[in-house]
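Student: Structure file run-v6.cif, mmCIF, C-alpha atoms, is pasted below:
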data_structure
#
loop_
_atom_site.group_PDB
_atom_site.id
_atom_site.type_symbol
_atom_site.label_atom_id
_atom_site.label_comp_id
_atom_site.auth_asym_id
_atom_site.auth_seq_id
_atom_site.Cartn_x
_atom_site.Cartn_y
_atom_site.Cartn_z
ATOM 1 C CA GLU A 753 54.676 69.540 -59.451
ATOM 2 C CA GLN A 754 55.511 65.965 -59.196
ATOM 3 C CA GLU A 755 56.121 66.432 -55.629
ATOM 4 C CA LYS A 756 52.740 68.004 -55.177
ATOM 5 C CA ILE A 757 51.191 65.122 -57.025
ATOM 6 C CA ARG A 758 53.175 62.701 -54.896
ATOM 7 C CA ILE A 759 52.175 64.501 -51.712
ATOM 8 C CA GLU A 760 48.604 64.635 -52.951
ATOM 9 C CA THR A 761 48.631 60.931 -53.724
ATOM 10 C CA GLN A 762 50.238 60.176 -50.367
ATOM 11 C CA ARG A 763 47.650 62.241 -48.661
ATOM 12 C CA LYS A 764 44.873 60.463 -50.572
ATOM 13 C CA GLU A 765 46.430 57.156 -49.750
ATOM 14 C CA GLN A 766 46.616 58.122 -46.110
ATOM 15 C CA GLU A 767 42.993 59.213 -46.232
ATOM 16 C CA ARG A 768 42.091 55.921 -47.877
ATOM 17 C CA LEU A 769 44.125 54.077 -45.304
ATOM 18 C CA GLU A 770 42.463 56.015 -42.534
ATOM 19 C CA GLU A 771 39.048 55.349 -44.062
ATOM 20 C CA THR A 772 39.839 51.666 -44.415
ATOM 21 C CA LYS A 773 41.115 51.644 -40.860
ATOM 22 C CA LYS A 774 37.938 53.351 -39.718
ATOM 23 C CA LYS A 775 35.870 50.895 -41.741
ATOM 24 C CA GLU A 776 37.881 48.016 -40.363
ATOM 25 C CA GLU A 777 37.473 49.383 -36.839
ATOM 26 C CA GLU A 778 33.738 49.828 -37.402
ATOM 27 C CA ALA A 779 33.514 46.341 -38.880
ATOM 28 C CA LEU A 780 35.499 45.008 -35.953
ATOM 29 C CA LYS A 781 33.201 46.887 -33.540
ATOM 30 C CA LEU A 782 30.157 45.510 -35.333
ATOM 31 C CA LYS A 783 31.695 42.062 -35.297
ATOM 32 C CA LEU A 784 32.444 42.344 -31.583
ATOM 33 C CA GLU A 785 28.920 43.625 -30.929
ATOM 34 C CA LYS A 786 27.455 40.745 -32.945
ATOM 35 C CA GLU A 787 29.650 38.251 -31.090
ATOM 36 C CA LYS A 788 28.606 39.823 -27.810
ATOM 37 C CA GLU A 789 24.961 39.650 -28.813
ATOM 38 C CA GLU A 790 25.409 36.051 -29.961
ATOM 39 C CA GLU A 791 27.077 35.171 -26.657
ATOM 40 C CA GLU A 792 24.267 36.876 -24.754
ATOM 41 C CA GLU A 793 21.710 35.037 -26.898
ATOM 42 C CA LYS A 794 23.534 31.748 -26.279
ATOM 43 C CA ALA A 795 23.643 32.466 -22.562
ATOM 44 C CA ARG A 796 19.934 33.358 -22.584
ATOM 45 C CA ILE A 797 19.106 30.203 -24.546
ATOM 46 C CA GLU A 798 21.239 28.136 -22.197
ATOM 47 C CA LEU A 799 19.438 29.658 -19.199
ATOM 48 C CA GLN A 800 16.105 28.892 -20.837
ATOM 49 C CA ARG A 801 17.213 25.312 -21.462
ATOM 50 C CA LYS A 802 18.358 24.969 -17.875
ATOM 51 C CA GLU A 803 15.059 26.378 -16.642
ATOM 52 C CA GLU A 804 13.176 23.985 -18.927
ATOM 53 C CA VAL A 805 15.273 21.088 -17.697
ATOM 54 C CA ASN A 806 14.700 22.147 -14.096
ATOM 55 C CA ASN A 807 10.987 22.529 -14.748
ATOM 56 C CA MET A 808 10.894 19.143 -16.436
ATOM 57 C CA GLU A 809 12.791 17.586 -13.543
ATOM 58 C CA ALA A 810 10.449 19.240 -11.064
ATOM 59 C CA THR A 811 7.397 17.980 -12.946
ATOM 60 C CA MET A 812 8.946 14.518 -13.189
ATOM 61 C CA ILE A 813 9.620 14.555 -9.442
ATOM 62 C CA LYS A 814 6.058 15.712 -8.776
ATOM 63 C CA LYS A 815 4.696 12.995 -11.062
ATOM 64 C CA GLU A 816 6.871 10.402 -9.351
ATOM 65 C CA GLU A 817 5.701 11.605 -5.941
ATOM 66 C CA GLU A 818 2.104 11.544 -7.114
ATOM 67 C CA SER A 819 2.545 8.092 -8.573
ATOM 68 C CA GLN A 820 4.198 6.956 -5.347
ATOM 69 C CA ASP A 821 1.338 8.499 -3.385
ATOM 70 C CA GLU A 822 -1.108 6.752 -5.689
ATOM 71 C CA GLU A 823 0.848 3.515 -5.298
ATOM 72 C CA VAL A 824 0.800 3.986 -1.543
ATOM 73 C CA ASN A 825 -2.929 4.696 -1.694
ATOM 74 C CA VAL A 826 -3.452 1.699 -3.961
ATOM 75 C CA ASP A 827 -1.293 -0.419 -1.665
ATOM 76 C CA ALA A 828 -3.212 0.825 1.364
ATOM 77 C CA THR A 829 -6.567 0.093 -0.256
ATOM 78 C CA GLN A 830 -5.338 -3.324 -1.330
ATOM 79 C CA GLN A 831 -4.136 -4.022 2.194
ATOM 80 C CA LEU A 832 -7.488 -2.883 3.587
ATOM 81 C CA LYS A 833 -9.316 -5.137 1.139
ATOM 82 C CA GLU A 834 -7.056 -8.039 2.050
ATOM 83 C CA GLN A 835 -7.602 -7.377 5.748
ATOM 84 C CA GLU A 836 -11.348 -7.252 5.203
ATOM 85 C CA LYS A 837 -11.209 -10.527 3.270
ATOM 86 C CA GLU A 838 -9.134 -12.111 6.013
ATOM 87 C CA GLN A 839 -11.548 -10.820 8.647
ATOM 88 C CA VAL A 840 -14.517 -12.226 6.724
ATOM 89 C CA LYS A 841 -12.715 -15.561 6.364
ATOM 90 C CA TYR A 842 -11.882 -15.532 10.056
ATOM 91 C CA GLU A 843 -15.493 -14.776 10.991
ATOM 92 C CA GLU A 844 -16.721 -17.531 8.683
ATOM 93 C CA THR A 845 -14.278 -20.033 10.133
ATOM 94 C CA THR A 846 -15.169 -19.061 13.696
ATOM 95 C CA LYS A 847 -18.881 -19.407 12.904
ATOM 96 C CA ARG A 848 -18.241 -22.759 11.280
ATOM 97 C CA ASP A 849 -16.093 -23.880 14.213
ATOM 98 C CA LYS A 850 -18.743 -22.793 16.738
ATOM 99 C CA LYS A 851 -21.421 -24.620 14.790
ATOM 100 C CA GLU A 852 -19.254 -27.743 14.594
ATOM 101 C CA GLN A 853 -18.563 -27.523 18.332
ATOM 102 C CA LYS A 854 -22.292 -27.199 19.047
ATOM 103 C CA ASP A 855 -23.015 -30.152 16.800
ATOM 104 C CA LYS A 856 -20.291 -32.224 18.458
ATOM 105 C CA LYS A 857 -21.495 -31.222 21.903
ATOM 106 C CA ALA A 858 -25.086 -32.101 21.024
ATOM 107 C CA LYS A 859 -23.967 -35.447 19.594
ATOM 108 C CA THR A 860 -21.857 -36.288 22.627
ATOM 109 C CA GLU A 861 -24.656 -35.271 24.975
ATOM 110 C CA SER A 862 -27.199 -37.388 23.098
ATOM 111 C CA GLU A 863 -24.745 -40.301 23.011
ATOM 112 C CA GLN A 864 -24.106 -39.910 26.744
ATOM 113 C CA LYS A 865 -27.847 -39.870 27.435
ATOM 114 C CA LYS A 866 -28.283 -42.986 25.350
ATOM 115 C CA THR A 867 -25.458 -44.791 27.132
ATOM 116 C CA ILE A 868 -26.784 -43.653 30.514
ATOM 117 C CA GLN A 869 -30.219 -44.874 29.546
ATOM 118 C CA LYS A 870 -28.745 -48.184 28.436
ATOM 119 C CA VAL A 871 -26.688 -48.532 31.601
ATOM 120 C CA HIS A 872 -29.488 -47.398 33.908
ATOM 121 C CA ARG A 873 -32.241 -49.164 32.066
ATOM 122 C CA ARG A 874 -34.020 -51.459 34.366
ATOM 123 C CA PRO A 875 -34.695 -54.919 33.163
ATOM 124 C CA PRO A 876 -38.288 -56.016 33.885
ATOM 125 C CA SER A 877 -37.082 -58.520 36.475
ATOM 126 C CA CYS A 878 -35.749 -55.648 38.644
ATOM 127 C CA GLY A 879 -39.294 -54.299 38.960
ATOM 128 C CA ILE A 880 -40.177 -57.207 41.264
ATOM 129 C CA PRO A 881 -40.018 -56.258 44.935
ATOM 130 C CA PHE A 882 -36.818 -57.309 46.704
ATOM 131 C CA ALA A 883 -35.245 -58.409 43.395
ATOM 132 C CA TYR A 884 -32.171 -56.367 44.241
ATOM 133 C CA ILE A 885 -31.223 -58.906 46.909
ATOM 134 C CA PRO A 886 -30.354 -61.861 44.657
ATOM 135 C CA SER A 887 -29.418 -59.883 41.476
ATOM 136 C CA ARG A 888 -26.205 -57.885 41.386
ATOM 137 C CA LYS A 889 -27.357 -55.735 38.410
ATOM 138 C CA CYS A 890 -30.591 -54.816 40.182
ATOM 139 C CA ARG A 891 -28.637 -53.983 43.343
ATOM 140 C CA THR A 892 -26.270 -51.603 41.501
ATOM 141 C CA LEU A 893 -29.192 -49.979 39.703
ATOM 142 C CA ALA A 894 -31.069 -49.611 42.981
ATOM 143 C CA THR A 895 -28.125 -47.836 44.618
ATOM 144 C CA THR A 896 -27.110 -45.638 41.655
ATOM 145 C CA ASN A 897 -30.546 -44.880 40.245
ATOM 146 C CA PRO A 898 -33.323 -45.726 42.692
ATOM 147 C CA ILE A 899 -36.902 -45.949 41.472
ATOM 148 C CA TYR A 900 -38.033 -43.458 44.068
ATOM 149 C CA ASP A 901 -36.233 -40.747 45.961
ATOM 150 C CA CYS A 902 -35.832 -42.120 49.441
ATOM 151 C CA LYS A 903 -35.261 -38.774 51.077
ATOM 152 C CA ALA A 904 -38.265 -37.139 49.396
ATOM 153 C CA LEU A 905 -40.392 -40.144 50.332
ATOM 154 C CA THR A 906 -39.366 -40.051 53.966
ATOM 155 C CA ASP A 907 -39.856 -36.287 54.121
ATOM 156 C CA SER A 908 -43.328 -36.579 52.690
ATOM 157 C CA MET A 909 -44.144 -39.353 55.184
ATOM 158 C CA MET A 910 -42.892 -37.271 58.054
ATOM 159 C CA GLU A 911 -45.246 -34.471 57.233
#
Can you dump the structure from the file as C-alpha coordinates?

Tutor:
Amino acid sequence: EQEKIRIETQRKEQERLEETKKKEEEALKLKLEKEKEEEEEKARIELQRKEEVNNMEATMIKKEEESQDEEVNVDATQQLKEQEKEQVKYEETTKRDKKEQKDKKAKTESEQKKTIQKVHRRPPSCGIPFAYIPSRKCRTLATTNPIYDCKALTDSMME
(Lines of atoms letter the chains of each structure in order from A and count residues from 1; the text may use other names and numbers.)
(Lines give C-alpha, C1' and ligand atoms only; values in the text may rest on other atoms or scores of the structure.)
Protein backbone atom coordinates (compact mmCIF):
# COMPACT_ATOMS: atom_id res chain seq x y z
CA GLU A 1 0.00 0.00 0.00
CA GLN A 2 2.73 2.35 0.76
CA GLU A 3 4.18 1.61 -2.50
CA LYS A 4 0.94 2.40 -4.21
CA ILE A 5 0.75 5.63 -2.30
CA ARG A 6 4.35 6.36 -3.21
CA ILE A 7 3.72 5.54 -6.86
CA GLU A 8 0.54 7.58 -6.74
CA THR A 9 2.38 10.52 -5.21
CA GLN A 10 5.19 10.15 -7.73
CA ARG A 11 2.70 10.07 -10.50
CA LYS A 12 0.96 13.17 -9.12
CA GLU A 13 4.28 14.86 -8.74
CA GLN A 14 5.16 13.98 -12.29
CA GLU A 15 1.80 15.30 -13.44
CA ARG A 16 2.40 18.47 -11.44
CA LEU A 17 5.87 18.71 -12.88
CA GLU A 18 4.52 18.17 -16.36
CA GLU A 19 1.81 20.77 -15.75
CA THR A 20 4.35 23.22 -14.40
CA LYS A 21 6.58 22.47 -17.36
CA LYS A 22 3.65 23.03 -19.69
CA LYS A 23 2.77 26.24 -17.86
CA GLU A 24 6.39 27.32 -17.96
CA GLU A 25 6.56 26.48 -21.66
CA GLU A 26 3.32 28.38 -22.28
CA ALA A 27 4.60 31.29 -20.22
CA LEU A 28 7.87 31.16 -22.11
CA LYS A 29 5.95 31.05 -25.42
CA LEU A 30 3.83 33.99 -24.30
CA LYS A 31 6.93 35.81 -23.16
CA LEU A 32 8.65 35.13 -26.48
CA GLU A 33 5.53 36.24 -28.36
CA LYS A 34 5.35 39.42 -26.27
CA GLU A 35 9.05 40.08 -26.85
CA LYS A 36 8.54 39.46 -30.55
CA GLU A 37 5.57 41.80 -30.60
CA GLU A 38 7.53 44.40 -28.63
CA GLU A 39 10.44 44.10 -31.06
CA GLU A 40 8.05 44.44 -34.00
CA GLU A 41 6.43 47.45 -32.32
CA LYS A 42 9.86 48.97 -31.68
CA ALA A 43 10.86 48.33 -35.28
CA ARG A 44 7.58 49.86 -36.49
CA ILE A 45 8.05 52.87 -34.21
CA GLU A 46 11.64 53.24 -35.37
CA LEU A 47 10.50 53.11 -39.00
CA GLN A 48 7.86 55.73 -38.25
CA ARG A 49 10.49 57.92 -36.58
CA LYS A 50 12.81 57.50 -39.54
CA GLU A 51 9.99 58.37 -41.92
CA GLU A 52 9.13 61.42 -39.80
CA VAL A 53 12.76 62.46 -39.74
CA ASN A 54 13.01 61.97 -43.50
CA ASN A 55 9.80 63.90 -44.02
CA MET A 56 11.04 66.66 -41.74
CA GLU A 57 14.36 66.76 -43.57
CA ALA A 58 12.56 66.85 -46.91
CA THR A 59 10.32 69.70 -45.74
CA MET A 60 13.35 71.52 -44.33
CA ILE A 61 15.16 71.09 -47.65
CA LYS A 62 12.08 72.32 -49.53
CA LYS A 63 11.79 75.31 -47.19
CA GLU A 64 15.48 76.06 -47.62
CA GLU A 65 15.14 75.81 -51.40
CA GLU A 66 12.08 78.03 -51.30
CA SER A 67 13.84 80.52 -49.07
CA GLN A 68 16.85 80.43 -51.38
CA ASP A 69 14.55 80.93 -54.35
CA GLU A 70 12.89 83.79 -52.51
CA GLU A 71 16.32 85.19 -51.63
CA VAL A 72 17.34 84.85 -55.25
CA ASN A 73 14.11 86.54 -56.31
CA VAL A 74 14.61 89.24 -53.70
CA ASP A 75 18.23 89.63 -54.78
CA ALA A 76 17.17 89.80 -58.42
CA THR A 77 14.50 92.40 -57.70
CA GLN A 78 16.97 94.38 -55.61
CA GLN A 79 19.51 94.22 -58.42
CA LEU A 80 16.86 95.34 -60.91
CA LYS A 81 15.90 98.23 -58.65
CA GLU A 82 19.55 99.18 -58.24
CA GLN A 83 20.08 98.99 -62.00
CA GLU A 84 17.02 101.15 -62.57
CA LYS A 85 18.29 103.68 -60.02
CA GLU A 86 21.70 103.69 -61.66
CA GLN A 87 20.10 104.12 -65.08
CA VAL A 88 18.00 107.03 -63.82
CA LYS A 89 21.10 108.60 -62.26
CA TYR A 90 23.01 108.08 -65.48
CA GLU A 91 20.23 109.66 -67.53
CA GLU A 92 20.05 112.59 -65.13
CA THR A 93 23.79 113.11 -65.26
CA THR A 94 23.84 112.88 -69.05
CA LYS A 95 20.99 115.40 -69.28
CA ARG A 96 22.78 117.68 -66.87
CA ASP A 97 26.06 117.28 -68.76
CA LYS A 98 24.36 118.02 -72.10
CA LYS A 99 22.71 121.09 -70.64
CA GLU A 100 26.02 122.27 -69.18
CA GLN A 101 27.73 121.68 -72.53
CA LYS A 102 25.02 123.68 -74.32
CA ASP A 103 25.35 126.46 -71.78
CA LYS A 104 29.14 126.47 -72.12
CA LYS A 105 28.90 126.40 -75.90
CA ALA A 106 26.41 129.27 -75.90
CA LYS A 107 28.62 131.26 -73.53
CA THR A 108 31.74 130.66 -75.59
CA GLU A 109 29.92 131.54 -78.79
CA SER A 110 28.55 134.76 -77.30
CA GLU A 111 31.99 135.60 -75.90
CA GLN A 112 33.57 134.91 -79.29
CA LYS A 113 31.00 137.14 -81.00
CA LYS A 114 31.70 139.88 -78.51
CA THR A 115 35.45 139.62 -78.99
CA ILE A 116 35.02 139.52 -82.77
CA GLN A 117 32.81 142.56 -82.57
CA LYS A 118 35.38 144.31 -80.41
CA VAL A 119 38.23 143.35 -82.71
CA HIS A 120 36.32 144.14 -85.90
CA ARG A 121 34.61 147.21 -84.58
CA ARG A 122 35.40 150.11 -86.73
CA PRO A 123 36.42 153.28 -85.06
CA PRO A 124 34.62 156.32 -86.51
CA SER A 125 37.85 157.59 -88.05
CA CYS A 126 37.99 154.50 -90.32
CA GLY A 127 34.70 155.56 -91.91
CA ILE A 128 36.49 158.42 -93.69
CA PRO A 129 37.38 157.57 -97.28
CA PHE A 130 40.98 156.48 -97.80
CA ALA A 131 41.61 156.40 -94.03
CA TYR A 132 43.04 152.92 -94.39
CA ILE A 133 46.13 154.37 -96.08
CA PRO A 134 47.65 156.20 -93.09
CA SER A 135 46.10 154.06 -90.28
CA ARG A 136 47.34 150.52 -89.72
CA LYS A 137 44.21 149.50 -87.72
CA CYS A 138 41.91 150.72 -90.49
CA ARG A 139 44.02 148.88 -93.07
CA THR A 140 43.78 145.55 -91.19
CA LEU A 141 40.05 146.02 -90.68
CA ALA A 142 39.61 146.87 -94.36
CA THR A 143 41.38 143.68 -95.44
CA THR A 144 39.85 141.31 -92.85
CA ASN A 145 36.36 142.78 -92.67
CA PRO A 146 35.63 145.13 -95.56
CA ILE A 147 32.66 147.47 -95.38
CA TYR A 148 31.33 146.17 -98.66
CA ASP A 149 31.81 142.92 -100.50
CA CYS A 150 34.12 143.78 -103.35
CA LYS A 151 33.23 140.77 -105.44
CA ALA A 152 29.48 141.28 -105.06
CA LEU A 153 29.92 144.96 -105.89
CA THR A 154 31.92 144.27 -109.02
CA ASP A 155 29.48 141.56 -110.11
CA SER A 156 26.55 143.89 -109.69
CA MET A 157 28.39 146.60 -111.66
CA MET A 158 29.17 144.19 -114.43
CA GLU A 159 25.54 143.38 -114.93

Student: List as number ranges by chain the protein and nucleic acid residues near Pro881 in chain A, meaning an atom at most 12 Å away when all atoms listed in the file are counted, but skip any in the same chain fewer than 4 places from it.

Tutor: A: 876-877, 885-887, 890-891, 894, 899

Student: Could you write out the selected residues, including C-alpha atoms, as a PDB file, keeping the file's coordinate frame?

Tutor:
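This went into again.pdb:
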ATOM      1  CA  PRO A 876     -38.288 -56.016  33.885  1.00  0.00           C
ATOM      2  CA  SER A 877     -37.082 -58.520  36.475  1.00  0.00           C
ATOM      3  CA  ILE A 885     -31.223 -58.906  46.909  1.00  0.00           C
ATOM      4  CA  PRO A 886     -30.354 -61.861  44.657  1.00  0.00           C
ATOM      5  CA  SER A 887     -29.418 -59.883  41.476  1.00  0.00           C
ATOM      6  CA  CYS A 890     -30.591 -54.816  40.182  1.00  0.00           C
ATOM      7  CA  ARG A 891     -28.637 -53.983  43.343  1.00  0.00           C
ATOM      8  CA  ALA A 894     -31.069 -49.611  42.981  1.00  0.00           C
ATOM      9  CA  ILE A 899     -36.902 -45.949  41.472  1.00  0.00           C
TER      10      ILE A 899
END

Student: How many Å separate CA of Ile813 in chain A from CA of Thr829 in chain A?

Tutor: 23.6 Å

Student: For a test of reading the model, state the distance in Å between CA of Glu776 in chain A and CA of Glu790 in chain A, rounded to one decimal.

Tutor: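 CA of Glu790 in chain A lies 20.2 Å from CA of Glu776 in chain A.
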
Student: Box along x, y and z, 3 Å on every side, all listed atoms of range 774-777 of chain A inside: centre and edge lengths in Å to one decimal, as lines of an AutoDock Vina configuration file.

Tutor:
center_x = 36.9
center_y = 50.7
center_z = -39.3
size_x = 8.1
size_y = 11.3
size_z = 10.9

Student: Separation of CA of Thr867 in chain A and CA of Arg848 in chain A, in Å?

Tutor: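 Rounded to one decimal, the two atoms are 28.1 Å apart.
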